[in-house]
file query38.pdb (PDB, C-alpha atoms and all ligand atoms)
ATOM      1  CA  MET A 290     -49.994  39.165  61.022  1.00  0.00           C
ATOM      2  CA  THR A 291     -52.514  38.857  63.822  1.00  0.00           C
ATOM      3  CA  THR A 292     -52.889  35.711  65.867  1.00  0.00           C
ATOM      4  CA  ARG A 293     -56.435  34.569  66.081  1.00  0.00           C
ATOM      5  CA  LEU A 294     -57.493  32.033  68.630  1.00  0.00           C
ATOM      6  CA  VAL A 295     -60.752  30.186  68.320  1.00  0.00           C
ATOM      7  CA  SER A 296     -62.504  29.447  71.553  1.00  0.00           C
ATOM      8  CA  MET A 297     -63.506  25.784  71.464  1.00  0.00           C
ATOM      9  CA  ASP A 298     -67.034  26.444  72.632  1.00  0.00           C
ATOM     10  CA  LYS A 299     -67.492  28.346  69.373  1.00  0.00           C
ATOM     11  CA  ILE A 300     -66.717  25.276  67.285  1.00  0.00           C
ATOM     12  CA  ALA A 301     -69.715  23.170  66.338  1.00  0.00           C
ATOM     13  CA  ILE A 302     -69.447  19.790  64.666  1.00  0.00           C
ATOM     14  CA  LYS A 303     -72.080  18.809  62.122  1.00  0.00           C
ATOM     15  CA  GLN A 304     -72.580  16.072  59.591  1.00  0.00           C
ATOM     16  CA  LEU A 305     -72.018  17.037  55.966  1.00  0.00           C
ATOM     17  CA  TYR A 306     -75.655  16.386  55.064  1.00  0.00           C
ATOM     18  CA  GLU A 307     -76.605  19.166  57.506  1.00  0.00           C
ATOM     19  CA  VAL A 308     -74.263  21.669  55.819  1.00  0.00           C
ATOM     20  CA  PRO A 309     -74.262  20.642  52.122  1.00  0.00           C
ATOM     21  CA  GLN A 310     -73.225  24.181  51.165  1.00  0.00           C
ATOM     22  CA  HIS A 311     -69.731  23.198  52.358  1.00  0.00           C
ATOM     23  CA  PHE A 312     -69.467  20.141  50.103  1.00  0.00           C
ATOM     24  CA  ASP A 313     -67.206  21.909  47.576  1.00  0.00           C
ATOM     25  CA  THR A 314     -64.926  23.314  50.297  1.00  0.00           C
ATOM     26  CA  VAL A 315     -64.459  19.919  51.932  1.00  0.00           C
ATOM     27  CA  ALA A 316     -63.863  18.216  48.566  1.00  0.00           C
ATOM     28  CA  ASN A 317     -61.335  20.877  47.663  1.00  0.00           C
ATOM     29  CA  TRP A 318     -59.438  20.481  50.952  1.00  0.00           C
ATOM     30  CA  ILE A 319     -59.131  16.734  50.421  1.00  0.00           C
ATOM     31  CA  TYR A 320     -58.202  17.081  46.762  1.00  0.00           C
ATOM     32  CA  GLU A 321     -55.514  19.721  47.359  1.00  0.00           C
ATOM     33  CA  GLN A 322     -54.026  17.860  50.328  1.00  0.00           C
ATOM     34  CA  TRP A 323     -53.984  14.288  49.039  1.00  0.00           C
ATOM     35  CA  TRP A 324     -55.275  13.758  45.512  1.00  0.00           C
ATOM     36  CA  LYS A 325     -54.038  16.595  43.283  1.00  0.00           C
ATOM     37  CA  LYS A 326     -51.789  14.915  40.774  1.00  0.00           C
ATOM     38  CA  PRO A 327     -51.575  14.560  36.985  1.00  0.00           C
ATOM     39  CA  GLY A 328     -54.519  12.598  35.695  1.00  0.00           C
ATOM     40  CA  ASN A 329     -56.737  13.315  38.711  1.00  0.00           C
ATOM     41  CA  THR A 330     -59.554  15.832  38.732  1.00  0.00           C
ATOM     42  CA  ILE A 331     -61.541  16.859  41.795  1.00  0.00           C
ATOM     43  CA  GLU A 332     -64.188  14.328  40.707  1.00  0.00           C
ATOM     44  CA  VAL A 333     -61.964  11.626  42.198  1.00  0.00           C
ATOM     45  CA  VAL A 334     -62.883  13.087  45.598  1.00  0.00           C
ATOM     46  CA  LYS A 335     -66.373  14.381  44.871  1.00  0.00           C
ATOM     47  CA  GLN A 336     -67.736  11.147  43.468  1.00  0.00           C
ATOM     48  CA  PRO A 337     -67.378   9.061  46.666  1.00  0.00           C
ATOM     49  CA  LEU A 338     -68.029  12.087  48.899  1.00  0.00           C
ATOM     50  CA  ARG A 339     -71.499  12.604  47.392  1.00  0.00           C
ATOM     51  CA  GLU A 340     -72.686   9.586  49.353  1.00  0.00           C
ATOM     52  CA  HIS A 341     -71.879  11.574  52.513  1.00  0.00           C
ATOM     53  CA  LEU A 342     -74.556  14.138  51.579  1.00  0.00           C
ATOM     54  CA  GLU A 343     -77.150  11.531  52.471  1.00  0.00           C
ATOM     55  CA  LYS A 344     -78.545  11.451  55.973  1.00  0.00           C
ATOM     56  CA  LYS A 345     -77.122   8.222  57.332  1.00  0.00           C
ATOM     57  CA  ASP A 346     -74.826   7.024  60.082  1.00  0.00           C
ATOM     58  CA  PHE A 347     -72.172   5.433  57.881  1.00  0.00           C
ATOM     59  CA  PRO A 348     -70.157   6.342  55.921  1.00  0.00           C
ATOM     60  CA  LEU A 349     -70.118  10.016  56.802  1.00  0.00           C
ATOM     61  CA  THR A 350     -68.199  13.267  56.971  1.00  0.00           C
ATOM     62  CA  LEU A 351     -68.082  15.525  60.020  1.00  0.00           C
ATOM     63  CA  VAL A 352     -67.497  19.251  59.495  1.00  0.00           C
ATOM     64  CA  ALA A 353     -66.184  21.631  62.183  1.00  0.00           C
ATOM     65  CA  LEU A 354     -67.745  25.077  61.981  1.00  0.00           C
ATOM     66  CA  GLU A 355     -66.999  28.395  63.556  1.00  0.00           C
ATOM     67  CA  GLY A 356     -70.340  30.074  63.064  1.00  0.00           C
ATOM     68  CA  GLU A 357     -71.048  29.638  59.371  1.00  0.00           C
ATOM     69  CA  LYS A 358     -67.396  29.146  58.455  1.00  0.00           C
ATOM     70  CA  PRO A 359     -66.042  25.644  57.813  1.00  0.00           C
ATOM     71  CA  ALA A 360     -62.885  25.027  59.872  1.00  0.00           C
ATOM     72  CA  GLY A 361     -62.108  21.381  59.185  1.00  0.00           C
ATOM     73  CA  SER A 362     -63.444  17.953  58.365  1.00  0.00           C
ATOM     74  CA  VAL A 363     -62.937  14.242  58.878  1.00  0.00           C
ATOM     75  CA  LEU A 364     -64.402  11.096  57.304  1.00  0.00           C
ATOM     76  CA  LEU A 365     -65.618   7.784  58.676  1.00  0.00           C
ATOM     77  CA  ILE A 366     -65.334   5.202  55.898  1.00  0.00           C
ATOM     78  CA  GLU A 367     -65.361   1.457  55.393  1.00  0.00           C
ATOM     79  CA  ASN A 368     -61.871   1.140  53.891  1.00  0.00           C
ATOM     80  CA  ASP A 369     -59.009   3.586  53.360  1.00  0.00           C
ATOM     81  CA  GLY A 370     -57.537   1.762  50.383  1.00  0.00           C
ATOM     82  CA  ILE A 371     -55.005  -0.394  52.219  1.00  0.00           C
ATOM     83  CA  SER A 372     -55.374  -3.514  50.107  1.00  0.00           C
ATOM     84  CA  GLU A 373     -53.090  -5.551  52.406  1.00  0.00           C
ATOM     85  CA  LEU A 374     -55.559  -5.098  55.274  1.00  0.00           C
ATOM     86  CA  PRO A 375     -58.975  -5.648  53.685  1.00  0.00           C
ATOM     87  CA  ASP A 376     -60.614  -6.949  56.849  1.00  0.00           C
ATOM     88  CA  LEU A 377     -60.038  -3.899  59.027  1.00  0.00           C
ATOM     89  CA  THR A 378     -62.970  -1.512  59.307  1.00  0.00           C
ATOM     90  CA  PRO A 379     -64.005   1.264  59.845  1.00  0.00           C
ATOM     91  CA  TRP A 380     -61.406   3.975  59.182  1.00  0.00           C
ATOM     92  CA  LEU A 381     -61.019   7.568  60.249  1.00  0.00           C
ATOM     93  CA  ALA A 382     -59.737   9.317  57.113  1.00  0.00           C
ATOM     94  CA  ALA A 383     -58.821  12.669  55.570  1.00  0.00           C
ATOM     95  CA  LEU A 384     -58.612  14.671  58.788  1.00  0.00           C
ATOM     96  CA  TYR A 385     -58.076  18.242  57.657  1.00  0.00           C
ATOM     97  CA  VAL A 386     -58.090  21.587  59.474  1.00  0.00           C
ATOM     98  CA  ALA A 387     -58.012  24.793  57.412  1.00  0.00           C
ATOM     99  CA  PRO A 388     -54.661  26.558  57.942  1.00  0.00           C
ATOM    100  CA  ARG A 389     -56.020  29.542  59.841  1.00  0.00           C
ATOM    101  CA  PHE A 390     -57.779  27.278  62.348  1.00  0.00           C
ATOM    102  CA  ARG A 391     -54.789  25.051  63.094  1.00  0.00           C
ATOM    103  CA  ARG A 392     -53.011  24.626  66.463  1.00  0.00           C
ATOM    104  CA  GLN A 393     -56.169  25.469  68.384  1.00  0.00           C
ATOM    105  CA  GLY A 394     -57.580  22.036  69.085  1.00  0.00           C
ATOM    106  CA  VAL A 395     -59.990  21.736  66.154  1.00  0.00           C
ATOM    107  CA  GLY A 396     -58.270  18.571  64.867  1.00  0.00           C
ATOM    108  CA  PRO A 397     -58.527  16.761  68.220  1.00  0.00           C
ATOM    109  CA  GLN A 398     -62.147  17.855  68.518  1.00  0.00           C
ATOM    110  CA  LEU A 399     -62.963  16.349  65.116  1.00  0.00           C
ATOM    111  CA  VAL A 400     -61.153  13.099  65.969  1.00  0.00           C
ATOM    112  CA  GLN A 401     -63.004  12.786  69.276  1.00  0.00           C
ATOM    113  CA  ALA A 402     -66.377  13.542  67.681  1.00  0.00           C
ATOM    114  CA  LEU A 403     -65.746  10.840  65.067  1.00  0.00           C
ATOM    115  CA  GLU A 404     -64.690   8.332  67.740  1.00  0.00           C
ATOM    116  CA  GLN A 405     -67.852   9.082  69.690  1.00  0.00           C
ATOM    117  CA  HIS A 406     -70.043   8.651  66.613  1.00  0.00           C
ATOM    118  CA  ALA A 407     -68.350   5.358  65.661  1.00  0.00           C
ATOM    119  CA  ARG A 408     -68.886   4.087  69.230  1.00  0.00           C
ATOM    120  CA  GLN A 409     -72.530   5.164  69.198  1.00  0.00           C
ATOM    121  CA  ILE A 410     -73.257   3.237  66.015  1.00  0.00           C
ATOM    122  CA  GLY A 411     -71.711   0.113  67.498  1.00  0.00           C
ATOM    123  CA  TYR A 412     -68.082  -0.061  66.422  1.00  0.00           C
ATOM    124  CA  LYS A 413     -65.542  -1.216  68.985  1.00  0.00           C
ATOM    125  CA  LYS A 414     -62.401  -0.248  67.045  1.00  0.00           C
ATOM    126  CA  LEU A 415     -61.293   2.414  64.625  1.00  0.00           C
ATOM    127  CA  TYR A 416     -58.284   2.507  62.265  1.00  0.00           C
ATOM    128  CA  LEU A 417     -56.383   5.219  60.422  1.00  0.00           C
ATOM    129  CA  VAL A 418     -53.421   5.749  58.141  1.00  0.00           C
ATOM    130  CA  ALA A 419     -50.853   8.151  59.581  1.00  0.00           C
ATOM    131  CA  THR A 420     -48.015   9.434  57.466  1.00  0.00           C
ATOM    132  CA  ASP A 421     -46.073  12.002  59.462  1.00  0.00           C
ATOM    133  CA  ARG A 422     -48.612  12.626  62.223  1.00  0.00           C
ATOM    134  CA  VAL A 423     -48.152   9.615  64.483  1.00  0.00           C
ATOM    135  CA  SER A 424     -47.478  11.685  67.612  1.00  0.00           C
ATOM    136  CA  PHE A 425     -50.602  13.791  67.022  1.00  0.00           C
ATOM    137  CA  TYR A 426     -52.711  10.637  67.249  1.00  0.00           C
ATOM    138  CA  LYS A 427     -50.664   9.130  70.090  1.00  0.00           C
ATOM    139  CA  ASP A 428     -51.578  12.217  72.105  1.00  0.00           C
ATOM    140  CA  LEU A 429     -55.205  11.268  71.471  1.00  0.00           C
ATOM    141  CA  SER A 430     -54.605   7.733  72.850  1.00  0.00           C
ATOM    142  CA  TRP A 431     -54.256   5.966  69.504  1.00  0.00           C
ATOM    143  CA  GLY A 432     -51.744   3.130  69.277  1.00  0.00           C
ATOM    144  CA  ILE A 433     -49.641   1.727  66.464  1.00  0.00           C
ATOM    145  CA  TYR A 434     -51.282  -1.265  64.769  1.00  0.00           C
ATOM    146  CA  THR A 435     -48.540  -1.903  62.195  1.00  0.00           C
ATOM    147  CA  LYS A 436     -46.005  -0.127  60.008  1.00  0.00           C
ATOM    148  CA  MET A 437     -45.966  -0.661  56.263  1.00  0.00           C
ATOM    149  CA  GLY A 438     -43.725   0.121  53.331  1.00  0.00           C
ATOM    150  CA  GLY A 439     -40.299   0.537  54.895  1.00  0.00           C
ATOM    151  CA  LYS A 440     -38.629   3.878  55.559  1.00  0.00           C
ATOM    152  CA  THR A 441     -40.959   6.029  53.518  1.00  0.00           C
ATOM    153  CA  GLY A 442     -43.890   3.989  54.640  1.00  0.00           C
ATOM    154  CA  ILE A 443     -47.047   4.617  56.523  1.00  0.00           C
ATOM    155  CA  THR A 444     -48.196   3.732  59.995  1.00  0.00           C
ATOM    156  CA  ILE A 445     -51.540   2.107  60.589  1.00  0.00           C
ATOM    157  CA  MET A 446     -52.953   3.201  63.926  1.00  0.00           C
ATOM    158  CA  HIS A 447     -55.916   1.952  65.882  1.00  0.00           C
ATOM    159  CA  LYS A 448     -58.015   2.802  68.873  1.00  0.00           C
ATOM    160  CA  GLN A 449     -60.298   0.739  71.052  1.00  0.00           C
ATOM    161  CA  LEU A 450     -63.553   2.663  71.435  1.00  0.00           C
TER     162      LEU A 450
HETATM  163  C1  LIG B 501     -52.814  17.547  61.449  1.00  0.00           C
HETATM  164  C2  LIG B 501     -53.920  18.578  61.676  1.00  0.00           C
HETATM  165  C3  LIG B 501     -55.270  17.916  61.390  1.00  0.00           C
HETATM  166  C4  LIG B 501     -53.868  19.044  63.133  1.00  0.00           C
HETATM  167  O1  LIG B 501     -55.027  19.810  63.418  1.00  0.00           O
HETATM  168  P1  LIG B 501     -54.977  20.971  64.515  1.00  0.00           P
HETATM  169  O2  LIG B 501     -56.361  21.432  64.704  1.00  0.00           O
HETATM  170  O3  LIG B 501     -53.996  21.982  64.101  1.00  0.00           O
HETATM  171  O4  LIG B 501     -54.446  20.143  65.779  1.00  0.00           O
HETATM  172  P2  LIG B 501     -53.908  20.759  67.177  1.00  0.00           P
HETATM  173  O5  LIG B 501     -54.711  21.946  67.529  1.00  0.00           O
HETATM  174  O6  LIG B 501     -53.797  19.633  68.138  1.00  0.00           O
HETATM  175  O7  LIG B 501     -52.503  21.286  66.855  1.00  0.00           O
HETATM  176  C5  LIG B 501     -51.511  20.485  66.335  1.00  0.00           C
HETATM  177  C6  LIG B 501     -50.199  21.164  66.600  1.00  0.00           C
HETATM  178  O8  LIG B 501     -50.283  22.372  67.290  1.00  0.00           O
HETATM  179  C7  LIG B 501     -49.669  22.272  68.587  1.00  0.00           C
HETATM  180  N1  LIG B 501     -50.523  23.067  69.458  1.00  0.00           N
HETATM  181  C8  LIG B 501     -51.783  22.793  69.814  1.00  0.00           C
HETATM  182  N2  LIG B 501     -52.256  23.780  70.615  1.00  0.00           N
HETATM  183  C9  LIG B 501     -51.266  24.706  70.727  1.00  0.00           C
HETATM  184  C10 LIG B 501     -51.143  25.939  71.397  1.00  0.00           C
HETATM  185  N3  LIG B 501     -52.159  26.428  72.127  1.00  0.00           N
HETATM  186  N4  LIG B 501     -50.008  26.622  71.276  1.00  0.00           N
HETATM  187  C11 LIG B 501     -48.993  26.122  70.527  1.00  0.00           C
HETATM  188  N5  LIG B 501     -49.054  24.955  69.882  1.00  0.00           N
HETATM  189  C12 LIG B 501     -50.178  24.250  69.975  1.00  0.00           C
HETATM  190  C13 LIG B 501     -49.614  20.840  68.853  1.00  0.00           C
HETATM  191  O9  LIG B 501     -48.589  20.466  69.729  1.00  0.00           O
HETATM  192  C14 LIG B 501     -49.340  20.331  67.458  1.00  0.00           C
HETATM  193  O10 LIG B 501     -48.022  20.616  67.074  1.00  0.00           O
HETATM  194  P3  LIG B 501     -47.424  20.206  65.658  1.00  0.00           P
HETATM  195  O11 LIG B 501     -48.254  20.816  64.560  1.00  0.00           O
HETATM  196  O12 LIG B 501     -46.055  20.763  65.672  1.00  0.00           O
HETATM  197  O13 LIG B 501     -47.460  18.703  65.614  1.00  0.00           O
HETATM  198  C15 LIG B 501     -53.737  19.820  60.761  1.00  0.00           C
HETATM  199  O14 LIG B 501     -52.434  20.344  60.938  1.00  0.00           O
HETATM  200  C16 LIG B 501     -53.955  19.530  59.275  1.00  0.00           C
HETATM  201  O15 LIG B 501     -55.074  19.577  58.782  1.00  0.00           O
HETATM  202  N6  LIG B 501     -52.860  19.225  58.546  1.00  0.00           N
HETATM  203  C17 LIG B 501     -52.938  18.907  57.116  1.00  0.00           C
HETATM  204  C18 LIG B 501     -53.629  17.573  56.872  1.00  0.00           C
HETATM  205  C19 LIG B 501     -53.022  16.414  57.681  1.00  0.00           C
HETATM  206  O16 LIG B 501     -51.814  16.274  57.790  1.00  0.00           O
HETATM  207  N7  LIG B 501     -53.923  15.575  58.254  1.00  0.00           N
HETATM  208  C20 LIG B 501     -53.535  14.412  59.047  1.00  0.00           C
HETATM  209  C21 LIG B 501     -53.395  13.220  58.181  1.00  0.00           C
HETATM  210  S1  LIG B 501     -52.654  11.837  58.991  1.00  0.00           S
END

call {"tool": "encode", "arguments": {"input": "query38.pdb", "output": "structure tokens"}}
result
Amino acid sequence: MTTRLVSMDKIAIKQLYEVPQHFDTVANWIYEQWWKKPGNTIEVVKQPLREHLEKKDFPLTLVALEGEKPAGSVLLIENDGISELPDLTPWLAALYVAPRFRRQGVGPQLVQALEQHARQIGYKKLYLVATDRVSFYKDLSWGIYTKMGGKTGITIMHKQL
């Protein structure tokens, strides 16, 4: 197996509406990682994601690209389905880096690009749901907002922009 390092200056970040040819790839990543279960089809992801094909500031999906190849994606959305915290908004969600691009800084680059975009459109805070990746986000200066659901629970994290 060969190790392949991506030089960060080769990674570009675009909005999904600029690269609609990658819609199916992004939907598939999200479905396989979080939504594939009995009773769900990929439509459960595609239906809300179609809104992100429109040219607008919010909600949106950012896609990391190495040349023409999609390397990862992340979403900025109004609510990540935490019904106990309906007033918190907006959320960074569904951060995903394709396996062969991992451990090379693509994830942090996507998070920082999303933070910058959220700041530019006027948000002062950003939230996310972390399952087992709390330290990844702590390294990017996110803090713990609250923990939910006991031992197997999730951690809500936040960052001042
Ligand atoms: C979590 C995820 C987005 C991280 O993206 P990434 O681009 O690989 O992020 P980084 O480049 O910072 O690398 C993360 C890991 O590589 C390590 N790393 C980074 N650069 C490295 C290097 N040059 N050499 C060795 N290790 C390195 C980091 O310490 C970190 O270690 P860990 O995986 O053991 O925690 C990615 O693994 C992923 O998509 N996972 C599946 C979906 C998911 O869990 N999303 C987060 C939801 S909360």

call {"tool": "residues_near_ligand", "arguments": {"input": "query38.pdb", "ligand": "ligand LIG 501 (chain B)", "cutoff": "10 Å", "atoms": "all atoms listed in the file", "output": "MDAnalysis selection string"}}
result
chainID A and resid 294 318:319 321:323 360:363 381:400 417:426 428:429 443:446

call {"tool": "closest_residue", "arguments": {"input": "query38.pdb", "among": "A:His406, A:His447, A:Lys427, A:Lys358", "to": "Ile300 (chain A)", "atoms": "all atoms listed in the file"}}
result
A:Lys358

call {"tool": "atom_distance", "arguments": {"input": "query38.pdb", "atom1": "CA of Val308 (chain A)", "atom2": "CA of Lys344 (chain A)"}}
result
11.1 Å

call {"tool": "atom_distance", "arguments": {"input": "query38.pdb", "atom1": "CA of Pro359 (chain A)", "atom2": "CA of Ala301 (chain A)"}}
result
9.6 Å

call {"tool": "atom_distance", "arguments": {"input": "query38.pdb", "atom1": "CA of Lys325 (chain A)", "atom2": "CA of Lys448 (chain A)"}}
result
29.3 Å

call {"tool": "closest_residue", "arguments": {"input": "query38.pdb", "among": "A:Leu342, A:Ile302, A:Leu364, A:Ala316", "to": "Thr330 (chain A)", "atoms": "all atoms listed in the file"}}
result
A:Ala316

call {"tool": "residues_around", "arguments": {"input": "query38.pdb", "residues": "Lys413 (chain A)", "least_positions_apart": "3", "cutoff": "7 Å", "atoms": "only C-alpha atoms", "output": "list in words"}}
result
Arg408, Gln449 and Leu450 of chain A

call {"tool": "closest_residue", "arguments": {"input": "query38.pdb", "among": "A:Lys436, A:Lys303, A:Leu377, A:Leu365", "to": "Leu349 (chain A)", "atoms": "only C-alpha atoms"}}
result
A:Leu365
